[in-house]
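K.L.:
Structure supplied as start.txt; contents: compact mmCIF, C-alpha atoms.
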# COMPACT_ATOMS: atom_id res chain seq x y z
CA MET A 78 2.70 -18.81 -10.57
CA TRP A 79 5.03 -18.17 -7.62
CA ARG A 80 7.98 -19.64 -9.52
CA SER A 81 7.38 -17.42 -12.54
CA LEU A 82 6.81 -14.26 -10.49
CA ARG A 83 9.56 -14.76 -7.91
CA PRO A 84 12.59 -13.49 -9.94
CA ILE A 85 10.98 -10.24 -11.10
CA GLY A 86 12.53 -7.20 -9.45
CA ARG A 87 14.38 -9.23 -6.84
CA SER A 88 17.62 -7.81 -5.43
CA ALA A 89 20.46 -10.33 -5.35
CA ALA A 90 22.05 -8.36 -2.51
CA SER A 91 19.10 -8.17 -0.10
CA GLY A 92 16.79 -10.92 -1.32
CA GLY A 93 14.00 -8.33 -1.23
CA TYR A 94 11.99 -6.81 -4.05
CA ARG A 95 12.35 -3.46 -5.81
CA ARG A 96 9.28 -3.37 -7.99
CA TYR A 97 8.74 0.37 -8.27
CA ALA A 98 6.02 2.03 -10.32
CA TRP A 99 6.68 2.56 -14.04
CA THR A 100 10.08 0.87 -14.03
CA GLU A 101 11.36 -2.16 -15.93
CA ALA A 102 10.45 -4.43 -13.01
CA ASP A 103 6.93 -2.98 -13.00
CA ALA A 104 6.64 -3.60 -16.73
CA ASP A 105 7.73 -7.22 -16.21
CA CYS A 106 5.09 -7.63 -13.49
CA ARG A 107 2.45 -6.20 -15.81
CA LEU A 108 3.48 -8.61 -18.56
CA TRP A 109 3.28 -11.47 -16.05
CA PHE A 110 -0.27 -10.40 -15.14
CA ARG A 111 -1.30 -10.23 -18.79
CA MET A 112 0.14 -13.67 -19.52
CA GLN A 113 -1.65 -15.24 -16.54
CA ALA A 114 -4.91 -13.64 -17.59
CA GLU A 115 -4.63 -14.60 -21.25
CA ALA A 116 -3.74 -18.17 -20.29
CA ARG A 117 -7.15 -18.26 -18.57
CA ARG A 118 -8.94 -16.71 -21.58
CA LEU A 119 -9.66 -13.46 -19.76
CA ASP A 120 -9.96 -10.10 -21.51
CA VAL A 121 -7.17 -7.78 -20.32
CA GLU A 122 -7.24 -4.00 -20.29
CA THR A 123 -5.26 -1.19 -18.68
CA ASP A 124 -7.38 1.72 -17.51
CA ARG A 125 -6.57 5.42 -17.76
CA ASN A 126 -4.70 5.36 -14.44
CA GLY A 127 -2.49 2.39 -15.22
CA ASN A 128 -4.45 -0.25 -13.30
CA GLN A 129 -4.79 -3.65 -15.00
CA TRP A 130 -8.07 -5.55 -15.27
CA ALA A 131 -8.67 -9.13 -16.41
CA TRP A 132 -12.34 -9.75 -17.17
CA LEU A 133 -14.50 -12.87 -17.28
CA GLY A 134 -17.84 -11.79 -18.71
CA ASP A 135 -19.02 -8.41 -19.97
CA PRO A 136 -17.08 -5.57 -18.28
CA THR A 137 -19.94 -3.14 -18.95
CA ALA A 138 -22.75 -5.32 -17.58
CA GLY A 139 -22.49 -3.80 -14.08
CA ASN A 140 -22.58 -5.36 -10.61
CA ALA A 141 -19.27 -7.13 -11.24
CA VAL A 142 -17.39 -8.98 -8.51
CA VAL A 143 -13.72 -7.91 -8.45
CA THR A 144 -10.74 -9.31 -6.61
CA GLY A 145 -6.98 -8.78 -6.74
CA SER A 146 -4.37 -6.51 -5.16
CA HIS A 147 -1.04 -5.08 -6.39
CA LEU A 148 2.36 -6.30 -7.63
CA ASP A 149 4.64 -3.37 -6.77
CA SER A 150 6.76 -3.32 -3.61
CA VAL A 151 8.38 -1.15 -0.98
CA PRO A 152 12.19 -0.92 -1.17
CA ASP A 153 13.51 -4.44 -0.51
CA GLY A 154 10.01 -5.66 0.30
CA GLY A 155 8.78 -9.19 0.77
CA ALA A 156 7.28 -11.60 -1.73
CA PHE A 157 3.74 -11.73 -0.33
CA ASP A 158 2.53 -8.16 0.26
CA GLY A 159 0.36 -7.53 -2.77
CA PRO A 160 1.33 -10.47 -4.99
CA LEU A 161 -0.39 -13.00 -2.71
CA GLY A 162 -3.70 -11.29 -3.48
CA VAL A 163 -3.12 -11.36 -7.23
CA VAL A 164 -1.81 -14.94 -7.35
CA SER A 165 -4.65 -16.10 -5.08
CA ALA A 166 -7.21 -14.41 -7.34
CA PHE A 167 -6.04 -16.37 -10.38
CA ALA A 168 -5.84 -19.57 -8.30
CA ALA A 169 -9.36 -19.00 -6.94
CA LEU A 170 -10.66 -18.68 -10.50
CA ASP A 171 -8.94 -21.97 -11.35
CA GLU A 172 -10.62 -23.53 -8.31
CA LEU A 173 -14.06 -22.25 -9.33
CA ARG A 174 -13.66 -23.60 -12.83
CA SER A 175 -12.66 -26.98 -11.40
CA ARG A 176 -15.92 -26.91 -9.43
CA GLY A 177 -17.85 -26.42 -12.67
CA VAL A 178 -19.70 -23.34 -11.45
CA SER A 179 -21.63 -20.96 -13.71
CA PHE A 180 -21.05 -17.23 -13.32
CA LYS A 181 -24.12 -15.02 -13.04
CA ARG A 182 -22.15 -11.79 -12.59
CA PRO A 183 -19.01 -10.57 -14.36
CA LEU A 184 -15.77 -11.35 -12.54
CA ALA A 185 -12.57 -9.31 -12.72
CA ILE A 186 -9.06 -9.70 -11.35
CA THR A 187 -7.11 -6.49 -10.91
CA ASN A 188 -3.56 -5.30 -10.39
CA PHE A 189 -3.63 -1.78 -8.98
CA GLY A 190 -0.69 0.43 -9.92
CA ASP A 191 1.74 2.09 -7.50
CA GLU A 192 0.07 0.88 -4.30
CA GLU A 193 3.15 1.13 -2.11
CA GLY A 194 4.23 4.62 -3.15
CA ALA A 195 7.89 3.60 -3.04
CA ARG A 196 8.90 5.78 -5.99
CA PHE A 197 6.75 8.91 -5.73
CA GLY A 198 6.07 8.97 -1.99
CA LEU A 199 2.28 8.59 -2.10
CA ALA A 200 0.59 5.24 -1.51
CA CYS A 201 -2.27 3.82 -3.61
CA VAL A 202 -1.82 6.22 -6.53
CA GLY A 203 -3.73 4.03 -9.01
CA SER A 204 -6.77 3.52 -6.80
CA ARG A 205 -6.67 7.11 -5.48
CA LEU A 206 -6.83 8.48 -9.02
CA THR A 207 -9.65 6.11 -9.97
CA ALA A 208 -11.71 7.01 -6.90
CA GLY A 209 -11.09 10.75 -7.27
CA ARG A 210 -9.08 10.85 -4.06
CA LEU A 211 -6.10 12.27 -5.99
CA THR A 212 -6.55 14.91 -8.67
CA LYS A 213 -4.72 14.98 -11.97
CA GLU A 214 -3.07 18.24 -10.90
CA GLN A 215 -1.83 16.70 -7.65
CA ALA A 216 -0.57 13.60 -9.46
CA TYR A 217 1.37 15.74 -11.92
CA GLU A 218 3.26 17.29 -9.00
CA LEU A 219 4.56 13.93 -7.74
CA ARG A 220 8.29 13.37 -8.30
CA ASP A 221 10.75 10.64 -7.48
CA ALA A 222 14.16 11.09 -5.84
CA SER A 223 15.79 11.88 -9.20
CA GLY A 224 13.27 14.60 -10.01
CA THR A 225 11.32 12.57 -12.59
CA SER A 226 7.63 13.44 -12.45
CA LEU A 227 4.87 10.85 -12.44
CA PRO A 228 3.64 11.82 -15.93
CA GLN A 229 7.20 11.64 -17.26
CA ALA A 230 7.61 8.15 -15.79
CA MET A 231 4.26 7.03 -17.19
CA GLU A 232 5.10 8.33 -20.65
CA ALA A 233 8.51 6.65 -20.59
CA ALA A 234 6.76 3.37 -19.77
CA GLY A 235 4.37 3.76 -22.69
CA HIS A 236 1.29 5.01 -20.85
CA ASP A 237 -0.45 8.25 -21.80
CA PRO A 238 -0.49 10.47 -18.67
CA SER A 239 -2.98 12.92 -20.15
CA THR A 240 -5.78 10.42 -19.49
CA ILE A 241 -5.32 10.02 -15.73
CA GLY A 242 -8.05 11.09 -13.34
CA PRO A 243 -11.33 10.01 -11.72
CA ASP A 244 -13.01 7.01 -13.35
CA PRO A 245 -16.59 6.89 -12.02
CA GLU A 246 -17.79 4.87 -15.00
CA ARG A 247 -15.41 2.05 -14.13
CA LEU A 248 -16.37 2.11 -10.45
CA ALA A 249 -20.04 1.99 -11.44
CA ARG A 250 -19.38 -1.43 -13.01
CA ILE A 251 -18.35 -2.93 -9.66
CA GLY A 252 -20.80 -4.42 -7.17
CA ALA A 253 -18.18 -5.71 -4.72
CA PHE A 254 -14.39 -5.72 -4.36
CA VAL A 255 -12.71 -8.34 -2.15
CA GLU A 256 -8.96 -8.04 -1.62
CA LEU A 257 -6.95 -10.92 -0.16
CA HIS A 258 -3.72 -9.91 1.59
CA VAL A 259 -1.06 -11.46 3.79
CA GLU A 260 -1.60 -10.30 7.37
CA GLN A 261 0.89 -7.63 8.40
CA GLY A 262 0.94 -8.63 12.04
CA ARG A 263 0.56 -11.75 14.19
CA ALA A 264 -3.11 -11.72 15.23
CA LEU A 265 -3.95 -14.85 13.21
CA ASP A 266 -0.82 -16.62 14.37
CA LEU A 267 -1.76 -15.93 17.97
CA SER A 268 -5.36 -17.09 17.45
CA GLY A 269 -4.34 -20.18 15.47
CA ASP A 270 -6.40 -19.29 12.39
CA SER A 271 -5.28 -19.50 8.77
CA VAL A 272 -7.67 -16.85 7.45
CA GLY A 273 -9.32 -13.76 8.90
CA ILE A 274 -11.67 -10.98 7.79
CA ALA A 275 -10.81 -7.30 8.03
CA SER A 276 -13.01 -5.03 10.13
CA SER A 277 -11.35 -1.68 9.52
CA ILE A 278 -8.12 0.14 8.66
CA TRP A 279 -6.60 2.49 11.21
CA PRO A 280 -6.39 6.17 10.29
CA HIS A 281 -2.88 6.91 9.08
CA GLY A 282 -0.77 9.45 7.24
CA ARG A 283 2.67 10.66 6.19
CA TRP A 284 4.25 13.93 7.26
CA ARG A 285 7.48 15.41 5.89
CA TYR A 286 9.73 17.21 8.36
CA ASP A 287 12.31 19.61 6.89
CA PHE A 288 14.99 20.59 9.42
CA ALA A 289 17.12 23.43 7.97
CA GLY A 290 20.40 24.39 9.65
CA GLU A 291 23.81 25.54 8.43
CA ALA A 292 26.39 23.48 6.56
CA ASN A 293 29.89 23.71 8.00
CA HIS A 294 33.12 21.80 8.51
CA ALA A 295 32.75 18.81 10.83
CA GLY A 296 36.30 19.12 12.13
CA THR A 297 36.77 22.84 12.62
CA THR A 298 33.38 24.14 13.79
CA ARG A 299 33.00 24.39 17.55
CA LEU A 300 30.01 22.54 18.99
CA VAL A 301 28.58 25.76 20.42
CA ASP A 302 28.73 27.41 17.00
CA ARG A 303 26.86 24.71 15.15
CA ARG A 304 23.33 24.78 13.75
CA ASP A 305 23.14 21.03 13.19
CA PRO A 306 19.70 19.86 12.02
CA MET A 307 20.67 16.23 12.56
CA LEU A 308 20.46 16.75 16.32
CA THR A 309 16.92 18.10 16.08
CA TYR A 310 15.94 15.29 13.75
CA ALA A 311 17.36 12.66 16.13
CA GLU A 312 15.51 14.12 19.09
CA THR A 313 12.30 14.19 17.05
CA VAL A 314 12.67 10.50 16.18
CA LEU A 315 12.84 9.69 19.89
CA ALA A 316 9.86 11.97 20.56
CA ALA A 317 7.81 10.05 17.98
CA ARG A 318 8.50 6.81 19.80
CA ARG A 319 7.51 8.32 23.17
CA GLU A 320 4.29 9.84 21.84
CA ALA A 321 3.29 6.59 20.13
CA GLU A 322 3.86 4.57 23.30
CA LEU A 323 1.78 6.98 25.37
CA ALA A 324 -1.14 6.84 22.91
CA GLY A 325 -1.02 3.11 22.17
CA ALA A 326 -0.27 3.95 18.54
CA VAL A 327 2.67 3.51 16.15
CA ALA A 328 4.93 6.19 14.66
CA THR A 329 8.01 5.73 12.52
CA PHE A 330 10.62 7.87 10.82
CA GLY A 331 11.65 5.37 8.15
CA LYS A 332 12.99 7.60 5.40
CA ILE A 333 15.60 10.35 5.56
CA ALA A 334 17.41 12.63 3.10
CA VAL A 335 20.47 14.65 4.11
CA GLU A 336 22.19 17.58 2.39
CA PRO A 337 25.03 17.84 1.54
CA ASN A 338 25.34 14.27 2.84
CA GLY A 339 29.07 14.35 3.46
CA VAL A 340 30.87 12.41 6.19
CA ASN A 341 32.94 15.44 7.17
CA ALA A 342 30.18 18.03 6.74
CA ILE A 343 27.59 19.32 9.17
CA PRO A 344 24.26 19.00 7.33
CA SER A 345 22.45 22.04 6.00
CA LEU A 346 19.17 20.13 5.69
CA VAL A 347 17.76 16.94 7.13
CA ARG A 348 14.44 15.83 5.69
CA GLY A 349 12.60 13.01 7.44
CA TRP A 350 9.25 11.35 6.78
CA LEU A 351 6.95 10.43 9.67
CA ASP A 352 4.49 7.57 9.27
CA ALA A 353 1.91 7.58 12.08
CA ARG A 354 -1.09 5.28 12.67
CA ALA A 355 -3.56 4.70 15.48
CA ALA A 356 -6.74 2.79 16.20
CA ASP A 357 -8.82 5.99 16.29
CA GLN A 358 -8.60 9.56 15.06
CA ASP A 359 -8.19 11.19 18.48
CA SER A 360 -5.19 9.01 19.31
CA LEU A 361 -3.59 9.75 15.95
CA ASP A 362 -4.15 13.48 16.36
CA THR A 363 -2.53 13.34 19.79
CA VAL A 364 0.55 11.58 18.44
CA VAL A 365 1.00 13.85 15.42
CA ALA A 366 0.52 17.02 17.46
CA GLY A 367 2.88 15.78 20.17
CA VAL A 368 5.64 14.98 17.69
CA GLU A 369 5.39 18.36 15.98
CA THR A 370 5.33 20.23 19.30
CA ALA A 371 8.47 18.43 20.45
CA ALA A 372 10.20 18.99 17.11
CA ARG A 373 9.50 22.73 17.17
CA ASP A 374 10.77 22.98 20.74
CA TYR A 375 14.03 21.21 19.81
CA ALA A 376 14.35 23.35 16.66
CA ARG A 377 14.10 26.59 18.66
CA ARG A 378 16.79 25.42 21.07
CA HIS A 379 19.24 24.53 18.28
CA GLY A 380 18.50 27.46 15.96
CA ILE A 381 16.92 25.22 13.34
CA ASP A 382 14.16 26.23 10.91
CA LEU A 383 11.41 23.60 10.74
CA THR A 384 8.76 23.05 8.08
CA VAL A 385 6.15 20.27 8.45
CA VAL A 386 4.07 19.18 5.45
CA GLN A 387 1.28 16.61 5.52
CA GLU A 388 1.87 14.59 2.34
CA SER A 389 -0.99 12.12 2.70
CA PHE A 390 -3.75 11.16 5.09
CA THR A 391 -6.35 8.41 5.18
CA PRO A 392 -9.10 8.51 7.82
CA VAL A 393 -10.36 5.39 9.54
CA VAL A 394 -11.86 2.94 7.04
CA ASP A 395 -14.78 0.80 8.12
CA PHE A 396 -15.31 -1.81 5.44
CA SER A 397 -18.86 -2.38 4.21
CA HIS A 398 -20.64 -3.97 7.16
CA ALA A 399 -23.06 -5.80 4.86
CA LEU A 400 -20.27 -7.29 2.74
CA ARG A 401 -18.15 -8.06 5.81
CA ASP A 402 -21.10 -9.87 7.41
CA GLU A 403 -21.68 -11.75 4.17
CA LEU A 404 -18.07 -12.97 4.19
CA SER A 405 -18.46 -14.04 7.82
CA ARG A 406 -21.59 -15.98 6.92
CA ILE A 407 -19.99 -17.66 3.90
CA LEU A 408 -16.78 -18.65 5.65
CA GLY A 409 -18.39 -19.27 9.03
CA GLU A 410 -20.12 -22.39 7.78
CA SER A 411 -16.92 -24.30 8.50
CA GLY A 412 -16.22 -22.56 11.81
CA LYS A 413 -15.84 -19.10 13.30
CA VAL A 414 -13.59 -16.76 11.32
CA PRO A 415 -11.86 -13.99 13.28
CA VAL A 416 -12.53 -10.36 12.37
CA LEU A 417 -9.61 -8.03 12.96
CA GLY A 418 -8.46 -4.49 12.31
CA THR A 419 -5.19 -3.46 10.67
CA GLY A 420 -2.82 -0.55 10.72
CA ALA A 421 -1.82 -1.01 7.07
CA GLY A 422 -3.40 0.85 4.15
CA HIS A 423 -4.76 -0.94 1.08
CA ASP A 424 -6.45 -0.23 -2.23
CA ALA A 425 -9.63 -1.73 -0.75
CA GLY A 426 -9.57 1.03 1.84
CA ILE A 427 -9.23 3.75 -0.78
CA LEU A 428 -12.13 2.34 -2.80
CA SER A 429 -14.38 1.80 0.22
CA GLU A 430 -15.98 5.25 -0.08
CA SER A 431 -17.06 4.50 -3.65
CA ILE A 432 -17.97 0.79 -3.73
CA PRO A 433 -18.59 -2.04 -1.22
CA THR A 434 -15.20 -3.50 -0.26
CA ALA A 435 -13.94 -6.24 2.03
CA MET A 436 -10.63 -7.91 2.84
CA LEU A 437 -9.39 -11.39 3.71
CA PHE A 438 -6.11 -11.88 5.60
CA VAL A 439 -3.84 -14.93 5.40
CA ARG A 440 -1.74 -15.87 8.42
CA ASN A 441 1.81 -14.56 8.62
CA PRO A 442 3.55 -16.59 11.38
CA THR A 443 6.37 -14.08 11.89
CA GLY A 444 4.24 -10.95 11.69
CA VAL A 445 7.04 -9.43 9.58
CA SER A 446 6.08 -7.40 6.52
CA HIS A 447 7.76 -4.90 4.18
CA SER A 448 10.85 -7.08 4.55
CA PRO A 449 12.37 -10.10 2.78
CA ALA A 450 11.47 -12.07 5.93
CA GLU A 451 7.76 -11.72 5.14
CA PHE A 452 6.24 -15.21 4.95
CA ALA A 453 3.09 -17.28 4.66
CA ALA A 454 3.08 -21.08 4.72
CA GLU A 455 1.82 -22.95 1.67
CA ASP A 456 -1.04 -24.57 3.59
CA ASP A 457 -2.24 -21.17 4.76
CA CYS A 458 -1.96 -19.75 1.25
CA VAL A 459 -4.09 -22.63 -0.05
CA ALA A 460 -6.60 -21.98 2.74
CA GLY A 461 -6.73 -18.37 1.60
CA VAL A 462 -7.35 -19.40 -2.01
CA LEU A 463 -10.18 -21.73 -0.98
CA ALA A 464 -11.73 -19.06 1.25
CA LEU A 465 -11.56 -16.52 -1.59
CA ALA A 466 -13.05 -19.08 -4.00
CA ASP A 467 -15.94 -19.73 -1.60
CA VAL A 468 -16.60 -16.00 -1.35
CA LEU A 469 -16.43 -15.45 -5.11
CA GLU A 470 -18.69 -18.42 -5.77
CA GLU A 471 -21.34 -17.07 -3.41
CA LEU A 472 -21.10 -13.51 -4.72
CA ALA A 473 -20.74 -14.16 -8.46
CA CYS A 474 -22.39 -17.51 -9.08
CA ARG A 475 -25.54 -17.56 -6.95
Can the structure from this file be put into structure tokens for me?
P.N.:
Amino acid sequence: MWRSLRPIGRSAASGGYRRYAWTEADADCRLWFRMQAEARRLDVETDRNGNQWAWLGDPTAGNAVVTGSHLDSVPDGGAFDGPLGVVSAFAALDELRSRGVSFKRPLAITNFGDEEGARFGLACVGSRLTAGRLTKEQAYELRDASGTSLPQAMEAAGHDPSTIGPDPERLARIGAFVELHVEQGRALDLSGDSVGIASSIWPHGRWRYDFAGEANHAGTTRLVDRRDPMLTYAETVLAARREAELAGAVATFGKIAVEPNGVNAIPSLVRGWLDARAADQDSLDTVVAGVETAARDYARRHGIDLTVVQESFTPVVDFSHALRDELSRILGESGKVPVLGTGAGHDAGILSESIPTAMLFVRNPTGVSHSPAEFAAEDDCVAGVLALADVLEELACR
């Protein structure tokens, strides 16, 4: 499976992946998913929001056990974030069949669409729509860097955008969702464990900062006459780092757009996106407020107009305690399994308000993620598959 998936959407220049929603690479990933499912005699469907489902058993029977993740990527992302959960789901089904188990509940493997938000700027679009956390009207307003709207991109890829929206009937089919994911940190590496269980997801969000100044000639405009928004942006980036350190949180300006974007031109507009995350809501609020206060102070000093827009926000997610404890019991028979929190968002987190969800993490020895350097050793991946198979056998077969 890794060999067949590896070339899809891979950049020859960076070695990373560019599997953006509703593009040719995304279509190739979807075809790969369908082929893997059909090879295992599973019934495949795409729901109204573009998420793929591969079913073993009656999809309408209710109380189904679902596993899977996503196949899209961040710009120049790694091979494991998302795909490990999908590949492991198919491999876990293979393992269960080799054990000769009988399924008492329907089982589904899923590929959620547009989890990373790399194209339209909002993460977990497929699961947000399904759970009613994103309205059809809001989704229709999403646009990529070229101005293409989400419905236009869907239609170009052959999906009817008029059908998108909440899907409570589908969620009512699901009794439990377990998502396996490569760890995006080094907690398991430091503890020496191959597999861990998620306790919660930190509250996190994205804020867009628009710094508006005045375009002018870079060579003829005196420094004292400039209204350069790049200066205010740069000072705000440093302020984000300071505020995060003080609060024990993380904050990053990782995306920037500049107008007119000329080497010899003072910018008229600098637009930057802040990603901020913390272990609790109070700490996150402190960071976000501190960054905005600093940015507005810098903007006043430099004669810059500042607009701040919250583009997305996810409160702290505590996974189902009952399901989490069940995973601990199942996997704890062979030894204690660590339970750890994470600062990364996931489809399981979005769905947690609607259905019981849980997550398994597989060790990442470098801790690097959202990068071509992202890695998980084969032995640890196999350990993840076996752990997922044990969980699915207990939940769906007993």
K.L.:
Quick one: residues within 9 Å of Tyr286 of chain A, only C-alpha atoms counted, chain neighbours fewer than 4 positions away excluded, as a PyMOL selection string?
P.N.:
chain A and resi 310+347-351+369+372+383-387
K.L.:
Counting only C-alpha atoms, what is within 9 Å of segment 257-269 of chain A, bar same-chain residues fewer than 6 positions away, as a ChimeraX atom specification?
P.N.:
/A:144-146,157-163,165-166,415,417,419-421,435-447,451-453,458,461-462,465
K.L.:
Nearest to Arg285 of chain A: which of A:Ile186, A:Leu133, A:Ala353, A:Met112 is it, counting only C-alpha atoms?
P.N.:
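Looking at the shortest contact to Arg285 of chain A, the residue is A:Ala353.
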K.L.:
What's the 9 Å shell around Thr100 of chain A, counting only C-alpha atoms, without same-chain residues fewer than 3 positions away, as a VMD selection string?
P.N.:
chain A and resid 96 to 97 103 to 105 230 233 to 234
K.L.:
Take the residues from that selection and write them out as an mmCIF file, in the frame of the given file, keeping C-alpha atoms.
P.N.:
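After the write, out33.cif holds the following:
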data_model
loop_
_atom_site.group_PDB
_atom_site.id
_atom_site.type_symbol
_atom_site.label_atom_id
_atom_site.label_comp_id
_atom_site.auth_asym_id
_atom_site.auth_seq_id
_atom_site.Cartn_x
_atom_site.Cartn_y
_atom_site.Cartn_z
ATOM 1 C CA ARG A 96 9.280 -3.370 -7.990
ATOM 2 C CA TYR A 97 8.740 0.370 -8.270
ATOM 3 C CA ASP A 103 6.930 -2.980 -13.000
ATOM 4 C CA ALA A 104 6.640 -3.600 -16.730
ATOM 5 C CA ASP A 105 7.730 -7.220 -16.210
ATOM 6 C CA ALA A 230 7.610 8.150 -15.790
ATOM 7 C CA ALA A 233 8.510 6.650 -20.590
ATOM 8 C CA ALA A 234 6.760 3.370 -19.770
#
K.L.:
By how many Å are atom CA of Leu211 of chain A and atom CA of Arg196 of chain A apart?
P.N.:
16.3 Å
K.L.:
Just give me the gap between atom CA of Thr123 of chain A and atom CA of Asp424 of chain A in Å, one decimal is fine.
P.N.:
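Result for atom CA of Thr123 of chain A versus atom CA of Asp424 of chain A: 16.5 Å, one decimal.
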K.L.:
If you measure from atom CA of Val468 of chain A to atom CA of Asp270 of chain A, what distance in Å do you get, rounded to one decimal?
P.N.:
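Those two atoms sit 17.4 Å apart.
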K.L.:
Please determine, counting all atoms listed in the file, which residue among A:Thr370, A:Phe110, A:Ile343, A:Gly273 has the shortest atom-to-atom distance to Leu300 of chain A.
P.N.:
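The answer is A:Ile343, which sits nearest to Leu300 of chain A.
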K.L.:
With distances taken over all atoms listed in the file, which residue among A:Tyr217, A:Pro449, A:Thr434, A:Glu471 lies nearest Arg87 of chain A?
P.N.:
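Of A:Tyr217, A:Pro449, A:Thr434, A:Glu471, the one nearest Arg87 of chain A, counting all atoms listed in the file, is A:Pro449.
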K.L.:
Near Ala131 of chain A, within 7 Å and counting all atoms listed in the file, which residues show up once chain neighbours fewer than 4 positions away are dropped, as an mmCIF file with C-alpha atoms, in the coordinates of the input?
P.N.:
data_model
loop_
_atom_site.group_PDB
_atom_site.id
_atom_site.type_symbol
_atom_site.label_atom_id
_atom_site.label_comp_id
_atom_site.auth_asym_id
_atom_site.auth_seq_id
_atom_site.Cartn_x
_atom_site.Cartn_y
_atom_site.Cartn_z
ATOM 1 C CA ALA A 114 -4.910 -13.640 -17.590
ATOM 2 C CA LEU A 119 -9.660 -13.460 -19.760
ATOM 3 C CA ASP A 120 -9.960 -10.100 -21.510
ATOM 4 C CA VAL A 121 -7.170 -7.780 -20.320
ATOM 5 C CA GLU A 122 -7.240 -4.000 -20.290
ATOM 6 C CA ALA A 185 -12.570 -9.310 -12.720
ATOM 7 C CA ILE A 186 -9.060 -9.700 -11.350
ATOM 8 C CA THR A 187 -7.110 -6.490 -10.910
#
K.L.:
Identify, on the basis of only C-alpha atoms, every residue whose closest approach to Asp359 of chain A does not exceed 12 Å; exclude the query and any residue fewer than 5 positions from it along the same chain; express the result as a ChimeraX atom specification.
P.N.:
/A:279-281,324-326,354,364-366,392-393
K.L.:
Go through A:Phe167, A:Thr212, A:Leu108, A:Arg250 and flag the residue nearest Thr137 of chain A, using all atoms listed in the file for the distances.
P.N.:
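For Thr137 of chain A, the nearest of the given residues is A:Arg250.
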K.L.:
Closest to Leu428 of chain A among A:Gly252, A:Gly331, A:Pro152, A:Gly134, using all atoms listed in the file?
P.N.:
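Answer, going by the shortest atom-to-atom distance: A:Gly252.
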K.L.:
For each of A:Val368, A:Ala216, A:Ala425, A:Val416, take the minimum atom-to-atom distance to Arg318 of chain A, counting only C-alpha atoms, then give the residue where this is smallest.
P.N.:
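Of A:Val368, A:Ala216, A:Ala425, A:Val416, the one nearest Arg318 of chain A is A:Val368, counting only C-alpha atoms.
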K.L.:
Identify the residues within 10 Å of coordinate (-20.4, -6.8, -17.6) (same frame as the file), considering only C-alpha atoms, and give the answer as a list in words.
P.N.:
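The answer, in the requested form, is Trp132, Leu133, Gly134, Asp135, Pro136, Thr137, Ala138, Gly139, Asn140, Ala141, Val142, Arg182, Pro183, Leu184, Ala185, Arg250 and Ile251 of chain A.
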K.L.:
Write the residues of the preceding selection, restricted to C-alpha atoms, as a PDB file, keeping the file's coordinate frame.
P.N.:
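What follows is the written file selection08.pdb:
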ATOM      1  CA  TRP A 132     -12.340  -9.750 -17.170  1.00  0.00           C
ATOM      2  CA  LEU A 133     -14.500 -12.870 -17.280  1.00  0.00           C
ATOM      3  CA  GLY A 134     -17.840 -11.790 -18.710  1.00  0.00           C
ATOM      4  CA  ASP A 135     -19.020  -8.410 -19.970  1.00  0.00           C
ATOM      5  CA  PRO A 136     -17.080  -5.570 -18.280  1.00  0.00           C
ATOM      6  CA  THR A 137     -19.940  -3.140 -18.950  1.00  0.00           C
ATOM      7  CA  ALA A 138     -22.750  -5.320 -17.580  1.00  0.00           C
ATOM      8  CA  GLY A 139     -22.490  -3.800 -14.080  1.00  0.00           C
ATOM      9  CA  ASN A 140     -22.580  -5.360 -10.610  1.00  0.00           C
ATOM     10  CA  ALA A 141     -19.270  -7.130 -11.240  1.00  0.00           C
ATOM     11  CA  VAL A 142     -17.390  -8.980  -8.510  1.00  0.00           C
ATOM     12  CA  ARG A 182     -22.150 -11.790 -12.590  1.00  0.00           C
ATOM     13  CA  PRO A 183     -19.010 -10.570 -14.360  1.00  0.00           C
ATOM     14  CA  LEU A 184     -15.770 -11.350 -12.540  1.00  0.00           C
ATOM     15  CA  ALA A 185     -12.570  -9.310 -12.720  1.00  0.00           C
ATOM     16  CA  ARG A 250     -19.380  -1.430 -13.010  1.00  0.00           C
ATOM     17  CA  ILE A 251     -18.350  -2.930  -9.660  1.00  0.00           C
TER      18      ILE A 251
END
K.L.:
Kindly output segment 440-446 of chain A as a CSV table (one decimal), keeping the file's coordinate frame, after building N, CA and C atoms.
P.N.:
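The result, written out as result00.csv:
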chain,number,residue,atom,x,y,z
A,440,ARG,N,-2.7,-15.9,7.3
A,440,ARG,CA,-1.7,-15.9,8.4
A,440,ARG,C,-0.3,-15.7,8.0
A,441,ASN,N,0.4,-14.8,8.8
A,441,ASN,CA,1.8,-14.6,8.6
A,441,ASN,C,2.5,-14.9,10.0
A,442,PRO,N,3.1,-16.1,10.1
A,442,PRO,CA,3.6,-16.6,11.4
A,442,PRO,C,4.6,-15.7,12.1
A,443,THR,N,5.4,-14.9,11.3
A,443,THR,CA,6.4,-14.1,11.9
A,443,THR,C,5.8,-12.7,12.2
A,444,GLY,N,4.7,-12.3,11.5
A,444,GLY,CA,4.2,-11.0,11.7
A,444,GLY,C,5.1,-9.9,10.9
A,445,VAL,N,6.1,-10.3,10.3
A,445,VAL,CA,7.0,-9.4,9.6
A,445,VAL,C,6.5,-9.1,8.2
A,446,SER,N,6.5,-7.8,7.8
A,446,SER,CA,6.1,-7.4,6.5
A,446,SER,C,7.0,-6.2,6.1
